[in-house]
file my_file_27.cif (mmCIF, C-alpha atoms)
data_input
loop_
_atom_site.group_PDB
_atom_site.id
_atom_site.type_symbol
_atom_site.label_atom_id
_atom_site.label_comp_id
_atom_site.auth_asym_id
_atom_site.auth_seq_id
_atom_site.Cartn_x
_atom_site.Cartn_y
_atom_site.Cartn_z
ATOM 1 C CA MET A 1 93.923 112.987 119.482
ATOM 2 C CA GLU A 2 97.070 115.075 119.043
ATOM 3 C CA GLY A 3 97.201 115.327 115.272
ATOM 4 C CA GLU A 4 95.054 114.474 112.360
ATOM 5 C CA VAL A 5 96.295 111.838 109.936
ATOM 6 C CA LYS A 6 96.109 113.064 106.372
ATOM 7 C CA LYS A 7 95.836 110.815 103.359
ATOM 8 C CA SER A 8 98.719 111.032 100.941
ATOM 9 C CA SER A 9 98.172 112.473 97.499
ATOM 10 C CA PHE A 10 100.425 109.680 96.174
ATOM 11 C CA LYS A 11 99.155 106.090 96.308
ATOM 12 C CA PHE A 12 101.033 102.851 95.551
ATOM 13 C CA GLU A 13 98.798 100.573 93.483
ATOM 14 C CA GLY A 14 101.098 97.582 93.093
ATOM 15 C CA TYR A 15 104.106 96.162 91.341
ATOM 16 C CA ARG A 16 105.190 93.269 89.179
ATOM 17 C CA ILE A 17 108.455 91.755 88.058
ATOM 18 C CA THR A 18 108.481 92.114 84.269
ATOM 19 C CA ARG A 19 111.888 90.564 83.561
ATOM 20 C CA SER A 20 114.228 88.342 85.519
ATOM 21 C CA LEU A 21 117.607 86.914 84.535
ATOM 22 C CA PHE A 22 119.553 84.842 87.032
ATOM 23 C CA GLU A 23 122.780 83.019 86.298
ATOM 24 C CA ILE A 24 125.035 81.006 88.535
ATOM 25 C CA GLY A 25 128.626 81.010 87.383
ATOM 26 C CA VAL A 26 132.012 80.446 88.854
ATOM 27 C CA GLU A 27 132.729 81.711 92.332
ATOM 28 C CA GLU A 28 135.489 84.301 92.389
ATOM 29 C CA ASP A 29 137.879 85.401 95.084
ATOM 30 C CA GLY A 30 136.631 88.379 97.035
ATOM 31 C CA ASP A 31 133.512 89.528 98.761
ATOM 32 C CA GLU A 32 132.541 92.179 96.224
ATOM 33 C CA LEU A 33 128.831 92.682 95.605
ATOM 34 C CA SER A 34 128.353 94.941 92.572
ATOM 35 C CA LEU A 35 125.042 96.758 92.300
ATOM 36 C CA GLY A 36 123.586 98.884 89.533
ATOM 37 C CA PHE A 37 120.260 100.370 88.539
ATOM 38 C CA MET A 38 118.530 102.063 85.633
ATOM 39 C CA PRO A 39 115.232 103.759 86.505
ATOM 40 C CA ARG A 40 112.750 105.315 84.142
ATOM 41 C CA GLY A 41 109.240 106.566 84.555
ATOM 42 C CA THR A 42 106.190 107.900 82.804
ATOM 43 C CA ILE A 43 103.800 110.429 84.276
ATOM 44 C CA TYR A 44 100.331 110.256 82.739
ATOM 45 C CA LYS A 45 98.944 113.683 83.691
ATOM 46 C CA ASP A 46 95.439 113.142 82.278
ATOM 47 C CA ASP A 47 94.981 109.863 84.176
ATOM 48 C CA SER A 48 96.873 111.008 87.303
ATOM 49 C CA ARG A 49 99.068 107.908 87.109
ATOM 50 C CA PHE A 50 102.797 107.290 87.388
ATOM 51 C CA SER A 51 104.577 104.184 86.139
ATOM 52 C CA LEU A 52 108.080 103.505 87.474
ATOM 53 C CA GLU A 53 110.382 100.879 85.992
ATOM 54 C CA ILE A 54 113.668 99.939 87.631
ATOM 55 C CA THR A 55 116.164 97.529 86.114
ATOM 56 C CA PHE A 56 118.432 96.423 88.930
ATOM 57 C CA THR A 57 121.593 94.361 88.550
ATOM 58 C CA ALA A 58 123.535 92.540 91.242
ATOM 59 C CA LYS A 59 126.660 90.452 90.882
ATOM 60 C CA GLY A 60 128.127 88.508 93.770
ATOM 61 C CA GLU A 61 131.745 87.403 93.315
ATOM 62 C CA LYS A 62 131.822 85.176 96.374
ATOM 63 C CA GLU A 63 128.515 83.483 95.535
ATOM 64 C CA GLY A 64 129.165 83.387 91.787
ATOM 65 C CA PHE A 65 125.842 84.794 90.612
ATOM 66 C CA THR A 66 124.508 87.545 88.392
ATOM 67 C CA ALA A 67 120.937 88.801 88.664
ATOM 68 C CA GLU A 68 119.147 91.332 86.513
ATOM 69 C CA VAL A 69 115.609 92.169 87.529
ATOM 70 C CA THR A 70 113.195 94.651 86.009
ATOM 71 C CA ALA A 71 110.280 95.677 88.191
ATOM 72 C CA GLU A 72 107.431 98.015 87.415
ATOM 73 C CA ALA A 73 105.332 99.868 89.981
ATOM 74 C CA ASN A 74 102.174 101.874 89.427
ATOM 75 C CA PHE A 75 101.029 104.857 91.433
ATOM 76 C CA LYS A 76 98.011 107.171 91.473
ATOM 77 C CA PHE A 77 98.307 110.801 92.462
ATOM 78 C CA GLU A 78 96.061 113.767 93.196
ATOM 79 C CA ASN A 79 96.606 117.502 93.263
ATOM 80 C CA ILE A 80 100.260 117.480 92.279
ATOM 81 C CA ASN A 81 101.367 120.637 90.522
ATOM 82 C CA PHE A 82 103.807 120.229 87.621
ATOM 83 C CA GLU A 83 105.747 123.437 87.411
ATOM 84 C CA GLU A 84 107.957 123.831 84.364
ATOM 85 C CA GLY A 85 110.978 121.564 84.771
ATOM 86 C CA LYS A 86 110.148 120.591 88.349
ATOM 87 C CA ILE A 87 109.153 117.049 89.345
ATOM 88 C CA SER A 88 107.922 116.271 92.838
ATOM 89 C CA PRO A 89 110.141 114.214 95.183
ATOM 90 C CA LEU A 90 107.186 111.821 95.415
ATOM 91 C CA PHE A 91 108.136 110.606 91.946
ATOM 92 C CA LEU A 92 111.926 110.840 92.303
ATOM 93 C CA VAL A 93 112.546 109.642 95.858
ATOM 94 C CA ASN A 94 109.425 108.110 97.372
ATOM 95 C CA ALA A 95 108.442 105.898 94.433
ATOM 96 C CA PRO A 96 111.871 104.164 94.154
ATOM 97 C CA ALA A 97 111.963 103.808 97.959
ATOM 98 C CA ILE A 98 108.592 102.036 97.848
ATOM 99 C CA LEU A 99 109.565 99.672 94.996
ATOM 100 C CA PHE A 100 113.124 98.774 96.019
ATOM 101 C CA PRO A 101 112.244 96.533 99.025
ATOM 102 C CA TYR A 102 110.291 94.269 96.656
ATOM 103 C CA ILE A 103 113.359 93.944 94.417
ATOM 104 C CA ARG A 104 115.530 93.188 97.475
ATOM 105 C CA ALA A 105 113.113 90.467 98.613
ATOM 106 C CA TYR A 106 112.943 88.985 95.111
ATOM 107 C CA ILE A 107 116.734 88.680 94.819
ATOM 108 C CA SER A 108 116.973 87.199 98.326
ATOM 109 C CA THR A 109 114.366 84.600 97.425
ATOM 110 C CA LEU A 110 116.047 83.780 94.096
ATOM 111 C CA THR A 111 119.411 83.173 95.726
ATOM 112 C CA SER A 112 118.037 81.156 98.622
ATOM 113 C CA LEU A 113 115.959 78.888 96.362
ATOM 114 C CA SER A 114 118.896 78.361 93.994
ATOM 115 C CA GLY A 115 121.069 76.546 96.472
ATOM 116 C CA LEU A 116 123.240 79.574 97.156
ATOM 117 C CA PRO A 117 123.620 81.314 100.485
ATOM 118 C CA THR A 118 120.821 83.870 100.767
ATOM 119 C CA VAL A 119 121.991 87.239 99.486
ATOM 120 C CA LEU A 120 120.608 90.123 101.485
ATOM 121 C CA LEU A 121 121.085 93.326 99.545
ATOM 122 C CA PRO A 122 121.973 96.283 101.714
ATOM 123 C CA VAL A 123 119.523 99.066 102.423
ATOM 124 C CA LEU A 124 120.482 101.792 99.973
ATOM 125 C CA ASN A 125 120.236 105.558 99.964
ATOM 126 C CA LEU A 126 118.263 106.060 96.749
ATOM 127 C CA THR A 127 118.964 109.780 96.334
ATOM 128 C CA ASN A 128 121.283 109.057 93.391
ATOM 129 C CA MET A 129 118.577 106.969 91.767
ATOM 130 C CA GLY A 130 116.270 110.000 91.967
ATOM 131 C CA GLU A 131 118.816 112.096 90.101
ATOM 132 C CA VAL A 132 119.089 109.502 87.335
ATOM 133 C CA LEU A 133 115.312 109.060 87.244
ATOM 134 C CA LYS A 134 114.817 112.817 86.879
ATOM 135 C CA ASN A 135 116.496 112.597 83.471
ATOM 136 C CA ASN A 136 114.497 109.495 82.468
ATOM 137 C CA ILE A 137 110.915 110.623 83.103
ATOM 138 C CA SER A 138 108.417 111.282 80.342
ATOM 139 C CA ILE A 139 105.377 113.413 81.019
ATOM 140 C CA ILE A 140 102.474 112.735 78.714
#
call {"tool": "encode", "arguments": {"input": "my_file_27.cif", "output": "structure tokens"}}
result
Amino acid sequence: MEGEVKKSSFKFEGYRITRSLFEIGVEEDGDELSLGFMPRGTIYKDDSRFSLEITFTAKGEKEGFTAEVTAEANFKFENINFEEGKISPLFLVNAPAILFPYIRAYISTLTSLSGLPTVLLPVLNLTNMGEVLKNNISII
């Protein structure tokens, strides 16, 4: 075997949708799909756990819908050093990248089961979300 596979020190334990608002309104002219997000997280150092919450909004002019979904994901971690003012990319980049596909699938399912054309959210570069999340993390 060429290389040894190492277990990650960061483990996804699961997710759940904690809030969902979906409204169908009037279709508007244009193809604009507006997207927004608000992430926040809590690092529980003593329990080696991380809880990530993302509130994601999507508004489709052409389809005439607005969706606001809040999802929460839980992670376990080992041997992660918390230097003063420095948070690992595992929390800022990897965690949102793990949770976001579930939000995408949820919105696609909501739109398709609502009689609208299925809305497939684009794959997003979540680097900006990591920057926002960095300012919205509590360490306890």
call {"tool": "closest_atom_pairs", "arguments": {"input": "my_file_27.cif", "of": "range 108-128 of chain A", "to": "range 37-52 of chain A", "cutoff": "12 Å", "atoms": "only C-alpha atoms", "output": "Markdown table"}}
result
| residue | atom | partner | partner_atom | distance |
| --- | --- | --- | --- | --- |
| A:Leu124 | CA | A:Phe37 | CA | 11.5 |
| A:Leu126 | CA | A:Phe37 | CA | 10.2 |
| A:Asn128 | CA | A:Phe37 | CA | 10.0 |
call {"tool": "residues_around", "arguments": {"input": "my_file_27.cif", "residues": "Ala67 in chain A", "least_positions_apart": "6", "cutoff": "9 Å", "atoms": "only C-alpha atoms", "output": "list in words"}}
result
Ser20, Leu21, Phe22, Glu23, Ile24, Phe56, Thr57, Ala58, Lys59, Gly60, Ile107 and Leu110 of chain A
call {"tool": "resolve_selection", "arguments": {"input": "my_file_27.cif", "expression": "the PyMOL selection byres ((chain A and resi 11) around 7)", "output": "ChimeraX atom specification"}}
result
/A:8-10,12-13,75-77
call {"tool": "atom_distance", "arguments": {"input": "my_file_27.cif", "atom1": "CA of Phe100 in chain A", "atom2": "CA of Leu133 in chain A"}}
result
13.7 Å
call {"tool": "closest_residue", "arguments": {"input": "my_file_27.cif", "among": "A:Glu68, A:Ile139, A:Gly115, A:Tyr15", "to": "Phe82 in chain A", "atoms": "only C-alpha atoms"}}
result
A:Ile139
call {"tool": "atom_distance", "arguments": {"input": "my_file_27.cif", "atom1": "CA of Leu90 in chain A", "atom2": "CA of Glu2 in chain A"}}
result
25.9 Å
call {"tool": "atom_distance", "arguments": {"input": "my_file_27.cif", "atom1": "CA of Ala71 in chain A", "atom2": "CA of Thr109 in chain A"}}
result
15.0 Å
call {"tool": "residues_near_point", "arguments": {"input": "my_file_27.cif", "point": "(138.1, 81.2, 96.4)", "cutoff": "12 Å", "atoms": "all atoms listed in the file", "output": "list in words"}}
result
Val26, Glu27, Glu28, Asp29, Gly30, Asp31, Glu61, Lys62, Glu63 and Gly64 of chain A
call {"tool": "closest_residue", "arguments": {"input": "my_file_27.cif", "among": "A:Pro96, A:Leu35, A:Leu120, A:Glu78", "to": "Lys7 in chain A", "atoms": "all atoms listed in the file"}}
result
A:Glu78
call {"tool": "residues_near_point", "arguments": {"input": "my_file_27.cif", "point": "(114.2, 111.1, 95.1)", "cutoff": "7 Å", "atoms": "all atoms listed in the file", "output": "MDAnalysis selection string"}}
result
chainID A and resid 89 91:94 126:127 129:131
call {"tool": "closest_residue", "arguments": {"input": "my_file_27.cif", "among": "A:Gly14, A:Gly3, A:Gly36, A:Gly25", "to": "Asn74 in chain A", "atoms": "all atoms listed in the file"}}
result
A:Gly14
call {"tool": "axis_aligned_box", "arguments": {"input": "my_file_27.cif", "around": "range 110-124 of chain A", "padding_each_side": "3 Å", "output": "lines of an AutoDock Vina configuration file"}}
result
center_x = 119.8
center_y = 89.2
center_z = 98.2
size_x = 13.7
size_y = 31.2
size_z = 14.4
call {"tool": "closest_residue", "arguments": {"input": "my_file_27.cif", "among": "A:Ala73, A:Ala97, A:Asn125, A:Thr66", "to": "Thr111 in chain A", "atoms": "only C-alpha atoms"}}
result
A:Thr66
